[in-house]
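Undergrad: So I've got this file, work28.cif, and it contains mmCIF, C-alpha atoms:
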```cif
data_entry
loop_
_atom_site.label_atom_id
_atom_site.label_comp_id
_atom_site.auth_asym_id
_atom_site.auth_seq_id
_atom_site.Cartn_x
_atom_site.Cartn_y
_atom_site.Cartn_z
CA MET A 21 34.41 171.92 190.57
CA LYS A 22 35.50 168.30 190.65
CA LEU A 23 38.78 166.75 191.74
CA GLY A 24 40.60 164.23 189.58
CA VAL A 25 44.00 162.84 188.66
CA PHE A 26 46.17 162.50 185.56
CA THR A 27 46.62 158.73 185.51
CA PRO A 28 50.17 158.20 184.09
CA VAL A 29 51.27 158.36 187.73
CA PHE A 30 49.72 154.85 187.89
CA ASN A 31 51.17 153.52 184.61
CA GLN A 32 52.57 150.58 186.56
CA LEU A 33 48.99 149.44 187.24
CA ASN A 34 46.51 147.99 184.76
CA PHE A 35 43.23 149.79 184.09
CA ASP A 36 41.16 148.03 186.76
CA GLU A 37 43.89 148.39 189.37
CA MET A 38 44.22 152.06 188.46
CA ILE A 39 40.56 152.94 188.79
CA THR A 40 40.35 151.03 192.08
CA LYS A 41 43.29 153.04 193.40
CA VAL A 42 41.84 156.35 192.19
CA ALA A 43 38.50 155.58 193.82
CA GLU A 44 40.30 154.92 197.12
CA TYR A 45 41.42 158.57 197.11
CA GLY A 46 37.79 159.66 196.79
CA LEU A 47 38.42 161.33 193.43
CA GLU A 48 35.73 161.91 190.84
CA THR A 49 37.52 162.08 187.48
CA VAL A 50 40.45 160.66 185.56
CA GLU A 51 42.51 162.19 182.78
CA ILE A 52 43.75 159.31 180.65
CA GLY A 53 46.64 159.14 178.20
CA THR A 54 46.06 157.75 174.73
CA GLY A 55 49.76 157.72 173.77
CA GLY A 56 52.68 160.09 173.37
CA SER A 57 54.32 161.33 176.58
CA PRO A 58 51.55 160.09 178.91
CA GLY A 59 51.72 156.62 177.37
CA ASP A 60 48.68 154.40 176.85
CA ALA A 61 48.85 152.06 179.85
CA HIS A 62 45.14 152.52 180.57
CA LEU A 63 43.58 152.86 177.15
CA ALA A 64 43.92 150.94 173.86
CA ILE A 65 42.81 153.59 171.40
CA ASP A 66 42.40 151.40 168.32
CA THR A 67 40.38 148.84 170.26
CA LEU A 68 38.01 151.49 171.60
CA LEU A 69 37.66 153.23 168.24
CA ALA A 70 36.72 149.94 166.61
CA SER A 71 34.10 148.74 169.08
CA SER A 72 31.04 150.38 170.57
CA GLU A 73 30.77 147.50 173.03
CA ALA A 74 34.36 148.04 174.18
CA ARG A 75 33.66 151.73 174.74
CA GLN A 76 30.49 151.02 176.69
CA ASP A 77 32.29 148.46 178.86
CA TYR A 78 35.16 150.88 179.49
CA LEU A 79 32.82 153.66 180.61
CA ALA A 80 30.74 151.25 182.68
CA ARG A 81 33.81 150.09 184.60
CA LEU A 82 34.65 153.73 185.34
CA ALA A 83 31.09 154.49 186.41
CA ASP A 84 31.10 151.48 188.73
CA LYS A 85 33.91 153.24 190.62
CA GLY A 86 32.09 156.59 190.57
CA LEU A 87 34.47 158.03 187.95
CA THR A 88 34.18 159.94 184.71
CA ILE A 89 36.83 161.04 182.19
CA SER A 90 37.79 164.72 182.37
CA ALA A 91 40.08 164.59 179.33
CA LEU A 92 41.97 162.32 176.97
CA SER A 93 45.61 163.33 176.74
CA CYS A 94 48.05 162.81 173.89
CA HIS A 95 51.03 165.06 174.67
CA HIS A 96 53.26 164.83 171.59
CA ASN A 97 54.76 167.01 168.84
CA PRO A 98 52.62 167.07 165.68
CA ILE A 99 54.78 169.72 163.98
CA SER A 100 58.13 168.08 164.66
CA PRO A 101 60.71 168.38 161.85
CA VAL A 102 61.26 164.63 162.28
CA LYS A 103 58.62 163.37 159.87
CA THR A 104 57.99 160.06 161.60
CA VAL A 105 57.40 161.85 164.91
CA ALA A 106 55.07 164.44 163.35
CA LEU A 107 53.05 161.77 161.53
CA GLU A 108 52.72 159.63 164.65
CA ALA A 109 51.66 162.62 166.76
CA ASP A 110 49.19 163.89 164.19
CA GLU A 111 47.57 160.47 163.76
CA LEU A 112 47.31 160.06 167.54
CA LEU A 113 45.73 163.48 168.01
CA ARG A 114 43.12 162.93 165.31
CA LYS A 115 42.27 159.49 166.67
CA THR A 116 41.99 160.93 170.17
CA ILE A 117 39.60 163.65 169.01
CA LYS A 118 37.46 160.99 167.34
CA LEU A 119 37.47 158.79 170.44
CA ALA A 120 36.58 161.76 172.66
CA GLN A 121 33.59 162.43 170.41
CA LEU A 122 32.45 158.80 170.59
CA MET A 123 32.85 158.63 174.38
CA ASN A 124 31.41 162.09 175.14
CA VAL A 125 34.69 163.34 176.61
CA ALA A 126 34.76 167.13 176.54
CA VAL A 127 38.49 167.83 176.22
CA VAL A 128 41.58 166.51 174.47
CA ASN A 129 44.86 167.70 176.03
CA GLY A 130 48.30 167.99 174.48
CA PHE A 131 51.15 170.31 173.52
CA SER A 132 51.18 172.90 170.74
CA GLY A 133 54.37 171.36 169.40
CA VAL A 134 57.57 172.97 168.21
CA SER A 135 59.05 172.71 164.73
CA GLY A 136 62.46 173.31 163.27
CA GLY A 137 63.47 176.88 162.60
CA ASN A 138 63.46 176.49 158.81
CA PRO A 139 62.47 173.89 156.18
CA SER A 140 65.84 172.12 156.29
CA ASP A 141 66.12 171.73 160.09
CA THR A 142 66.33 168.15 161.31
CA GLN A 143 65.57 168.86 164.98
CA VAL A 144 63.33 171.18 166.98
CA ASN A 145 64.20 174.82 167.65
CA TRP A 146 62.69 176.86 170.50
CA PRO A 147 63.48 180.57 170.02
CA VAL A 148 62.97 182.69 173.13
CA LEU A 149 64.89 185.86 172.16
CA PRO A 150 64.43 188.26 169.22
CA TRP A 151 68.17 188.71 168.73
CA PRO A 152 70.35 187.51 167.08
CA THR A 153 67.81 188.08 164.35
CA GLU A 154 68.04 184.47 163.16
CA TYR A 155 65.85 183.64 166.16
CA THR A 156 63.19 186.06 164.95
CA ASP A 157 63.33 184.51 161.49
CA ASN A 158 62.90 181.07 163.05
CA TYR A 159 59.96 182.29 165.13
CA HIS A 160 58.06 183.72 162.17
CA TYR A 161 58.66 180.61 160.07
CA GLN A 162 57.43 178.35 162.85
CA TRP A 163 54.26 180.31 163.54
CA GLU A 164 53.32 181.21 159.98
CA LYS A 165 54.31 178.04 158.14
CA LYS A 166 53.90 175.32 160.75
CA LEU A 167 51.99 176.09 163.94
CA ILE A 168 49.04 178.16 162.73
CA PRO A 169 48.25 176.12 159.58
CA TYR A 170 48.34 172.88 161.57
CA TRP A 171 46.09 174.04 164.40
CA GLN A 172 43.65 175.72 162.02
CA GLU A 173 43.05 172.26 160.59
CA ILE A 174 42.74 170.67 164.03
CA ASN A 175 40.35 173.41 165.19
CA THR A 176 38.03 172.59 162.30
CA GLU A 177 38.16 168.89 163.16
CA ALA A 178 37.63 169.49 166.87
CA GLU A 179 34.70 171.84 166.32
CA ALA A 180 33.03 169.29 164.06
CA ALA A 181 33.48 166.66 166.79
CA GLY A 182 32.22 168.95 169.57
CA VAL A 183 35.53 168.58 171.41
CA LYS A 184 37.73 171.25 173.04
CA ILE A 185 41.52 171.17 172.75
CA GLY A 186 43.50 171.92 175.91
CA ILE A 187 47.07 172.93 175.03
CA GLU A 188 49.39 172.75 178.01
CA LEU A 189 51.44 175.93 178.32
CA HIS A 190 54.79 174.20 178.66
CA GLY A 191 58.25 175.64 178.07
CA GLY A 192 59.97 174.16 175.03
CA PHE A 193 56.83 174.45 172.89
CA LEU A 194 55.61 177.41 170.87
CA ALA A 195 52.45 178.04 172.92
CA HIS A 196 53.78 178.39 176.46
CA THR A 197 52.47 181.72 177.82
CA PRO A 198 49.06 183.45 177.97
CA TYR A 199 50.15 185.67 175.06
CA THR A 200 51.19 182.78 172.80
CA MET A 201 48.02 180.88 173.74
CA LEU A 202 45.77 183.78 172.81
CA LYS A 203 47.78 184.44 169.65
CA LEU A 204 47.29 180.83 168.54
CA ARG A 205 43.59 180.82 169.50
CA GLU A 206 42.96 184.06 167.59
CA ALA A 207 44.59 182.62 164.47
CA THR A 208 42.91 179.21 164.62
CA GLY A 209 39.56 179.11 166.40
CA LYS A 210 37.59 178.77 169.62
CA ALA A 211 38.07 175.02 169.98
CA ILE A 212 41.70 175.77 170.77
CA GLY A 213 42.31 176.70 174.39
CA CYS A 214 44.65 175.76 177.20
CA ASN A 215 45.15 173.08 179.79
CA LEU A 216 46.33 175.53 182.44
CA ASP A 217 49.12 174.11 184.59
CA PRO A 218 50.38 176.73 187.05
CA SER A 219 53.61 174.81 187.65
CA HIS A 220 54.91 175.80 184.20
CA LEU A 221 53.86 179.42 184.65
CA TRP A 222 55.68 179.93 187.95
CA TRP A 223 59.09 179.01 186.58
CA GLN A 224 58.57 181.40 183.67
CA GLY A 225 57.90 184.25 186.12
CA ILE A 226 54.15 184.36 185.36
CA ASP A 227 51.60 184.81 188.14
CA PRO A 228 49.02 182.03 187.63
CA VAL A 229 46.20 184.11 189.18
CA ALA A 230 46.85 186.86 186.63
CA ALA A 231 47.10 184.24 183.86
CA ILE A 232 43.72 182.82 184.87
CA LYS A 233 42.18 186.27 184.62
CA ILE A 234 43.72 186.88 181.18
CA LEU A 235 42.83 183.48 179.73
CA GLY A 236 39.51 183.16 181.56
CA ALA A 237 38.30 186.50 180.21
CA ALA A 238 38.86 185.08 176.72
CA GLY A 239 37.09 181.80 177.52
CA ALA A 240 40.35 180.02 176.76
CA ILE A 241 40.71 177.72 179.82
CA HIS A 242 39.51 174.26 178.84
CA HIS A 243 41.17 172.13 181.54
CA PHE A 244 43.35 172.57 184.65
CA HIS A 245 46.36 170.65 185.98
CA ALA A 246 46.99 170.90 189.73
CA LYS A 247 50.76 170.87 190.20
CA ASP A 248 53.05 173.14 192.18
CA THR A 249 56.61 174.44 191.68
CA PHE A 250 59.25 175.32 194.25
CA LEU A 251 61.52 178.18 193.18
CA ASP A 252 64.96 178.09 194.83
CA GLN A 253 66.28 181.66 194.63
CA ASP A 254 69.85 180.69 195.52
CA ASN A 255 69.93 178.24 192.62
CA ILE A 256 68.15 180.69 190.32
CA ASN A 257 71.01 183.10 191.01
CA MET A 258 73.40 180.45 189.71
CA HIS A 259 71.48 178.80 186.87
CA GLY A 260 68.69 181.18 185.91
CA LEU A 261 65.18 179.92 185.22
CA THR A 262 66.13 178.12 181.99
CA ASP A 263 67.93 175.46 184.02
CA MET A 264 69.22 172.51 181.96
CA GLN A 265 70.06 170.29 184.93
CA PRO A 266 68.14 166.98 185.14
CA TYR A 267 65.01 167.12 187.28
CA SER A 268 66.66 164.64 189.63
CA GLU A 269 69.23 167.27 190.72
CA VAL A 270 66.88 168.73 193.32
CA LYS A 271 69.61 170.21 195.51
CA SER A 272 71.01 172.42 192.76
CA ARG A 273 68.09 173.00 190.42
CA ALA A 274 66.58 176.48 190.11
CA TRP A 275 63.09 175.08 190.32
CA THR A 276 61.43 171.75 191.06
CA PHE A 277 57.90 170.42 190.58
CA ARG A 278 56.13 169.79 193.89
CA SER A 279 52.83 168.50 195.19
CA VAL A 280 50.11 171.10 195.68
CA GLY A 281 50.92 173.35 198.64
CA CYS A 282 54.60 172.40 198.80
CA GLY A 283 55.81 175.14 196.48
CA HIS A 284 53.28 177.91 197.15
CA ASP A 285 51.00 178.36 200.14
CA LEU A 286 47.31 177.53 200.13
CA LYS A 287 46.31 181.19 200.08
CA ILE A 288 47.74 181.38 196.55
CA TRP A 289 45.99 178.15 195.59
CA SER A 290 42.74 179.52 197.05
CA ASP A 291 43.19 182.68 194.99
CA MET A 292 43.62 180.55 191.87
CA ILE A 293 40.50 178.52 192.58
CA SER A 294 38.52 181.69 193.20
CA ALA A 295 39.80 183.26 189.98
CA LEU A 296 38.84 180.13 188.05
CA ARG A 297 35.27 180.37 189.41
CA ILE A 298 35.01 184.13 188.81
CA TYR A 299 36.24 183.80 185.23
CA GLY A 300 33.94 180.95 184.29
CA TYR A 301 35.93 177.74 184.79
CA ASP A 302 33.93 175.29 186.87
CA TYR A 303 35.21 171.98 185.57
CA VAL A 304 37.99 169.70 186.87
CA LEU A 305 41.18 170.15 188.89
CA SER A 306 43.30 167.27 187.60
CA ILE A 307 46.20 166.45 189.94
CA GLU A 308 49.49 165.76 188.19
CA HIS A 309 52.02 164.17 190.54
CA GLU A 310 55.65 164.85 189.60
CA ASP A 311 57.12 165.56 193.04
CA PRO A 312 60.66 164.09 193.21
CA ILE A 313 60.92 163.97 197.01
CA MET A 314 57.58 162.39 197.88
CA SER A 315 56.11 158.97 197.15
CA ILE A 316 53.16 158.73 194.80
CA ASP A 317 50.79 157.97 197.66
CA GLU A 318 52.05 160.70 199.98
CA GLY A 319 52.24 163.29 197.19
CA LEU A 320 48.73 162.55 195.97
CA ARG A 321 47.22 162.49 199.44
CA ARG A 322 48.87 165.84 200.19
CA ALA A 323 47.46 167.30 196.97
CA VAL A 324 43.99 165.89 197.60
CA THR A 325 43.89 167.20 201.18
CA ASN A 326 45.17 170.64 200.25
CA LEU A 327 42.92 171.08 197.22
CA ARG A 328 39.82 169.95 199.10
CA SER A 329 40.53 172.61 201.71
CA VAL A 330 40.39 175.43 199.13
CA MET A 331 38.30 174.20 196.18
CA ILE A 332 34.79 175.45 195.50
CA GLN A 333 32.30 172.67 194.81
CA GLU A 334 28.86 174.21 195.24
CA GLN A 335 27.18 176.98 193.28
CA PRO A 336 26.92 180.35 195.05
CA THR A 337 23.66 181.38 196.71
CA ASP A 338 21.79 184.58 196.04
CA MET A 339 23.45 187.64 197.55
CA TRP A 340 21.02 187.87 200.44
CA TRP A 341 23.11 190.57 202.13
CA VAL A 342 22.68 193.17 199.37
#
```
Is it possible to give me this structure as structure tokens?

TA:
Amino acid sequence: MKLGVFTPVFNQLNFDEMITKVAEYGLETVEIGTGGSPGDAHLAIDTLLASSEARQDYLARLADKGLTISALSCHHNPISPVKTVALEADELLRKTIKLAQLMNVAVVNGFSGVSGGNPSDTQVNWPVLPWPTEYTDNYHYQWEKKLIPYWQEINTEAEAAGVKIGIELHGGFLAHTPYTMLKLREATGKAIGCNLDPSHLWWQGIDPVAAIKILGAAGAIHHFHAKDTFLDQDNINMHGLTDMQPYSEVKSRAWTFRSVGCGHDLKIWSDMISALRIYGYDYVLSIEHEDPIMSIDEGLRRAVTNLRSVMIQEQPTDMWWV
């Protein structure tokens, strides 16, 4: 396995400053945003699509720092009921797949998206209960008319490009659990898999080790985000897990994103790393820093130190003891 970072944490730096900073942490890979939620501070997608020389220079500058790209990320909503948003997200995703093909990047990350609950909705709708039955009607419309048809098309495009899609299992979007991931993959194709971020599983009550076993057995883990979550049981008792308070309200929130090892102990992280290896994922652990009580530098250094203490880098030897 290799250790990397999701670079929007350095959006205040230009590309050369960013890769210099990443190299100082001793990391090996970068996950770079092409637009959407991650922004595009470190990559001009149209420029790179238009010029082979620009692509070669970009990759050479990374290589000079000992870095490669683990994934291109374009977290957006391509099935939004707001047409301008859906068109922008769709165009960005297709461009990102093409750029990944041209630059030999294995994975494109993003969200599954969430549509309206019916053809006349003007905003998104995220049903999480079967009753009242209107929610069930919304759910079937979204999956059958919006989500599956869209990702069937993207699967075809990604397969032709030799690129894997890593959908982040994030609350608020239609694919947010192992079940919904596998349901979407079954209906669309093998290029569709997940960018597994345990932080979003914990607050849904899902054990990430179990999720790795479920998704790994299906070959559906295409990328991994290293981010932790602290669950505050006292605040859960007040607000439940679907807590609408701003992330800045750390004192009263039910759960809060934390740096690796600050929400769950390293034994759990070691179990996750082992499960990833056992179930066939031997790619990148991409650190995503969203810890509200630590600086960028301290949060990243904590994550790097903790992950290095539990990650598996070498291939196993023969079982000489059997």

Undergrad: Pull out every residue that the PyMOL selection byres ((chain A and resi 124-135) around 8) matches in the shown coordinates and put them as an mmCIF file with C-alpha atoms, in the coordinates of the input.

TA:
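This went into out_17.cif:
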```cif
data_model
loop_
_atom_site.group_PDB
_atom_site.id
_atom_site.type_symbol
_atom_site.label_atom_id
_atom_site.label_comp_id
_atom_site.auth_asym_id
_atom_site.auth_seq_id
_atom_site.Cartn_x
_atom_site.Cartn_y
_atom_site.Cartn_z
ATOM 1 C CA ILE A 89 36.830 161.040 182.190
ATOM 2 C CA SER A 90 37.790 164.720 182.370
ATOM 3 C CA ALA A 91 40.080 164.590 179.330
ATOM 4 C CA LEU A 92 41.970 162.320 176.970
ATOM 5 C CA SER A 93 45.610 163.330 176.740
ATOM 6 C CA CYS A 94 48.050 162.810 173.890
ATOM 7 C CA HIS A 95 51.030 165.060 174.670
ATOM 8 C CA HIS A 96 53.260 164.830 171.590
ATOM 9 C CA ASN A 97 54.760 167.010 168.840
ATOM 10 C CA PRO A 98 52.620 167.070 165.680
ATOM 11 C CA ILE A 99 54.780 169.720 163.980
ATOM 12 C CA SER A 100 58.130 168.080 164.660
ATOM 13 C CA PRO A 101 60.710 168.380 161.850
ATOM 14 C CA THR A 116 41.990 160.930 170.170
ATOM 15 C CA ILE A 117 39.600 163.650 169.010
ATOM 16 C CA ALA A 120 36.580 161.760 172.660
ATOM 17 C CA GLN A 121 33.590 162.430 170.410
ATOM 18 C CA LEU A 122 32.450 158.800 170.590
ATOM 19 C CA MET A 123 32.850 158.630 174.380
ATOM 20 C CA GLY A 136 62.460 173.310 163.270
ATOM 21 C CA GLY A 137 63.470 176.880 162.600
ATOM 22 C CA GLN A 143 65.570 168.860 164.980
ATOM 23 C CA VAL A 144 63.330 171.180 166.980
ATOM 24 C CA ASN A 145 64.200 174.820 167.650
ATOM 25 C CA TRP A 146 62.690 176.860 170.500
ATOM 26 C CA GLN A 162 57.430 178.350 162.850
ATOM 27 C CA LYS A 166 53.900 175.320 160.750
ATOM 28 C CA LEU A 167 51.990 176.090 163.940
ATOM 29 C CA GLY A 182 32.220 168.950 169.570
ATOM 30 C CA VAL A 183 35.530 168.580 171.410
ATOM 31 C CA LYS A 184 37.730 171.250 173.040
ATOM 32 C CA ILE A 185 41.520 171.170 172.750
ATOM 33 C CA GLY A 186 43.500 171.920 175.910
ATOM 34 C CA ILE A 187 47.070 172.930 175.030
ATOM 35 C CA GLU A 188 49.390 172.750 178.010
ATOM 36 C CA LEU A 189 51.440 175.930 178.320
ATOM 37 C CA HIS A 190 54.790 174.200 178.660
ATOM 38 C CA GLY A 192 59.970 174.160 175.030
ATOM 39 C CA PHE A 193 56.830 174.450 172.890
ATOM 40 C CA LEU A 194 55.610 177.410 170.870
ATOM 41 C CA ALA A 195 52.450 178.040 172.920
ATOM 42 C CA ASN A 215 45.150 173.080 179.790
ATOM 43 C CA HIS A 242 39.510 174.260 178.840
ATOM 44 C CA HIS A 243 41.170 172.130 181.540
#
```

Undergrad: For Asp263 of chain A, which of A:Gln335, A:Asn34, A:Thr276, A:Gln76 is the closest residue, counting only C-alpha atoms?

TA: A:Thr276

Undergrad: Report the residues retrieved by the PyMOL selection byres ((chain A and resi 288) around 12) from the displayed file, expressed as number ranges by chain.

TA: A: 218, 222, 227-230, 248, 280-287, 289-295, 326-327, 330-331

Undergrad: Show which residues sit within 12 Å of Asn257 of chain A, as a ChimeraX atom specification. Count all atoms listed in the file, and ignore same-chain residues fewer than 6 positions away.

TA: /A:251,263,272-275

Undergrad: Return as a list in words the set of residues that the PyMOL selection byres ((chain A and resi 304-313) around 6) yields on the displayed structure.

TA: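 Going through the file, the PyMOL selection byres ((chain A and resi 304-313) around 6) ends up selecting Met21, Lys22, Leu23, Gly24, Val25, Phe26, Phe244, His245, Ala246, Lys247, Phe277, Arg278, Ser279, Tyr303 and Met314 of chain A.
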
Undergrad: From the options A:Ile316, A:Ala323, A:Ala64, A:Met264, which residue's atoms come nearest to Leu112 of chain A, counting only C-alpha atoms?

TA: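 Smallest distance to Leu112 of chain A is found for A:Ala64.
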
Undergrad: Would you please work out which residue, of A:Val342, A:Ala207, A:Leu216, A:Ile65, is nearest to Pro169 of chain A when using all atoms listed in the file?

TA: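 Ranking A:Val342, A:Ala207, A:Leu216, A:Ile65 by distance to Pro169 of chain A, first place goes to A:Ala207.
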
Undergrad: Measuring atom to atom with only C-alpha atoms, identify which of A:Ser315, A:Ile332, A:Lys271, A:Ala238 is nearest to Asp254 of chain A.

TA: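 Checking each of A:Ser315, A:Ile332, A:Lys271, A:Ala238 against Asp254 of chain A, counting only C-alpha atoms, the winner is A:Lys271.
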
Undergrad: Which residue, A:His259, A:His196, A:Lys85, A:Lys210, has the smallest gap to Ala231 of chain A when you use all atoms listed in the file?

TA: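 The answer is A:His196, which sits nearest to Ala231 of chain A.
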
Undergrad: Can you pull out every residue within 10 Å of Leu33 of chain A, counting all atoms listed in the file, but drop anything in the same chain fewer than 6 positions away, and send it as a CSV table (one decimal) with C-alpha atoms, keeping the file's coordinate frame?

TA:
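As written to disk, around_35.csv reads:
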```
chain,number,residue,atom,x,y,z
A,27,THR,CA,46.6,158.7,185.5
A,39,ILE,CA,40.6,152.9,188.8
A,41,LYS,CA,43.3,153.0,193.4
A,61,ALA,CA,48.8,152.1,179.8
A,62,HIS,CA,45.1,152.5,180.6
```

Undergrad: Which residue gives the smallest distance to Ile168 of chain A among A:Ile52, A:Ala240, A:Leu68, A:Leu204, with all atoms listed in the file counted?

TA: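 Residue with the minimum atom-to-atom distance to Ile168 of chain A: A:Leu204.
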
Undergrad: Between atom CA of Asp60 of chain A and atom CA of Ile241 of chain A, what is the distance in Å, rounded to a tenth?

TA: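 Computing the Euclidean distance for atom CA of Asp60 of chain A and atom CA of Ile241 of chain A yields 24.8 Å.
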
Undergrad: In Å, how far is it from atom CA of Pro28 of chain A to atom CA of Ala74 of chain A?

TA: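 Atom CA of Ala74 of chain A lies at a distance of 21.2 Å from atom CA of Pro28 of chain A.
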
Undergrad: Report, in Å with one decimal, the straight-line distance from atom CA of Asp66 of chain A to atom CA of Glu111 of chain A.

TA: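 Rounded to one decimal, the two atoms are 11.4 Å apart.
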
Undergrad: Could you add whatever atoms are missing so that segment 283-302 of chain A carries N, CA and C atoms, then write the result as a PDB file, in the coordinates of the input?

TA:
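Contents of the output file result.pdb:
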```
ATOM      1  N   GLY A 283      55.015 174.117 197.155  1.00  0.00           N
ATOM      2  CA  GLY A 283      55.810 175.140 196.480  1.00  0.00           C
ATOM      3  C   GLY A 283      55.273 176.535 196.776  1.00  0.00           C
ATOM      4  N   HIS A 284      53.951 176.646 196.859  1.00  0.00           N
ATOM      5  CA  HIS A 284      53.280 177.910 197.150  1.00  0.00           C
ATOM      6  C   HIS A 284      52.183 177.632 198.176  1.00  0.00           C
ATOM      7  N   ASP A 285      51.931 178.609 199.049  1.00  0.00           N
ATOM      8  CA  ASP A 285      51.000 178.360 200.140  1.00  0.00           C
ATOM      9  C   ASP A 285      49.562 178.270 199.652  1.00  0.00           C
ATOM     10  N   LEU A 286      48.706 177.796 200.522  1.00  0.00           N
ATOM     11  CA  LEU A 286      47.310 177.530 200.130  1.00  0.00           C
ATOM     12  C   LEU A 286      46.517 178.794 199.886  1.00  0.00           C
ATOM     13  N   LYS A 287      46.984 179.923 200.408  1.00  0.00           N
ATOM     14  CA  LYS A 287      46.310 181.190 200.080  1.00  0.00           C
ATOM     15  C   LYS A 287      46.415 181.456 198.573  1.00  0.00           C
ATOM     16  N   ILE A 288      47.573 181.197 197.998  1.00  0.00           N
ATOM     17  CA  ILE A 288      47.740 181.380 196.550  1.00  0.00           C
ATOM     18  C   ILE A 288      46.878 180.394 195.786  1.00  0.00           C
ATOM     19  N   TRP A 289      46.842 179.140 196.252  1.00  0.00           N
ATOM     20  CA  TRP A 289      45.990 178.150 195.590  1.00  0.00           C
ATOM     21  C   TRP A 289      44.498 178.532 195.724  1.00  0.00           C
ATOM     22  N   SER A 290      44.111 179.059 196.876  1.00  0.00           N
ATOM     23  CA  SER A 290      42.740 179.520 197.050  1.00  0.00           C
ATOM     24  C   SER A 290      42.427 180.669 196.094  1.00  0.00           C
ATOM     25  N   ASP A 291      43.385 181.577 195.929  1.00  0.00           N
ATOM     26  CA  ASP A 291      43.190 182.680 194.990  1.00  0.00           C
ATOM     27  C   ASP A 291      43.014 182.173 193.565  1.00  0.00           C
ATOM     28  N   MET A 292      43.773 181.130 193.212  1.00  0.00           N
ATOM     29  CA  MET A 292      43.620 180.550 191.870  1.00  0.00           C
ATOM     30  C   MET A 292      42.238 179.929 191.683  1.00  0.00           C
ATOM     31  N   ILE A 293      41.811 179.168 192.674  1.00  0.00           N
ATOM     32  CA  ILE A 293      40.500 178.520 192.580  1.00  0.00           C
ATOM     33  C   ILE A 293      39.399 179.566 192.470  1.00  0.00           C
ATOM     34  N   SER A 294      39.510 180.630 193.255  1.00  0.00           N
ATOM     35  CA  SER A 294      38.520 181.690 193.200  1.00  0.00           C
ATOM     36  C   SER A 294      38.519 182.371 191.830  1.00  0.00           C
ATOM     37  N   ALA A 295      39.717 182.623 191.299  1.00  0.00           N
ATOM     38  CA  ALA A 295      39.800 183.260 189.980  1.00  0.00           C
ATOM     39  C   ALA A 295      39.208 182.357 188.908  1.00  0.00           C
ATOM     40  N   LEU A 296      39.443 181.055 189.014  1.00  0.00           N
ATOM     41  CA  LEU A 296      38.840 180.130 188.050  1.00  0.00           C
ATOM     42  C   LEU A 296      37.314 180.251 188.083  1.00  0.00           C
ATOM     43  N   ARG A 297      36.740 180.259 189.281  1.00  0.00           N
ATOM     44  CA  ARG A 297      35.270 180.370 189.410  1.00  0.00           C
ATOM     45  C   ARG A 297      34.786 181.704 188.862  1.00  0.00           C
ATOM     46  N   ILE A 298      35.445 182.793 189.240  1.00  0.00           N
ATOM     47  CA  ILE A 298      35.010 184.130 188.810  1.00  0.00           C
ATOM     48  C   ILE A 298      35.049 184.262 187.299  1.00  0.00           C
ATOM     49  N   TYR A 299      36.070 183.650 186.671  1.00  0.00           N
ATOM     50  CA  TYR A 299      36.240 183.800 185.230  1.00  0.00           C
ATOM     51  C   TYR A 299      35.679 182.626 184.429  1.00  0.00           C
ATOM     52  N   GLY A 300      34.777 181.860 185.060  1.00  0.00           N
ATOM     53  CA  GLY A 300      33.940 180.950 184.290  1.00  0.00           C
ATOM     54  C   GLY A 300      34.396 179.520 184.172  1.00  0.00           C
ATOM     55  N   TYR A 301      35.502 179.141 184.835  1.00  0.00           N
ATOM     56  CA  TYR A 301      35.930 177.740 184.790  1.00  0.00           C
ATOM     57  C   TYR A 301      35.393 177.017 186.004  1.00  0.00           C
ATOM     58  N   ASP A 302      34.540 176.039 185.775  1.00  0.00           N
ATOM     59  CA  ASP A 302      33.930 175.290 186.870  1.00  0.00           C
ATOM     60  C   ASP A 302      33.941 173.806 186.549  1.00  0.00           C
TER      61      ASP A 302
END
```
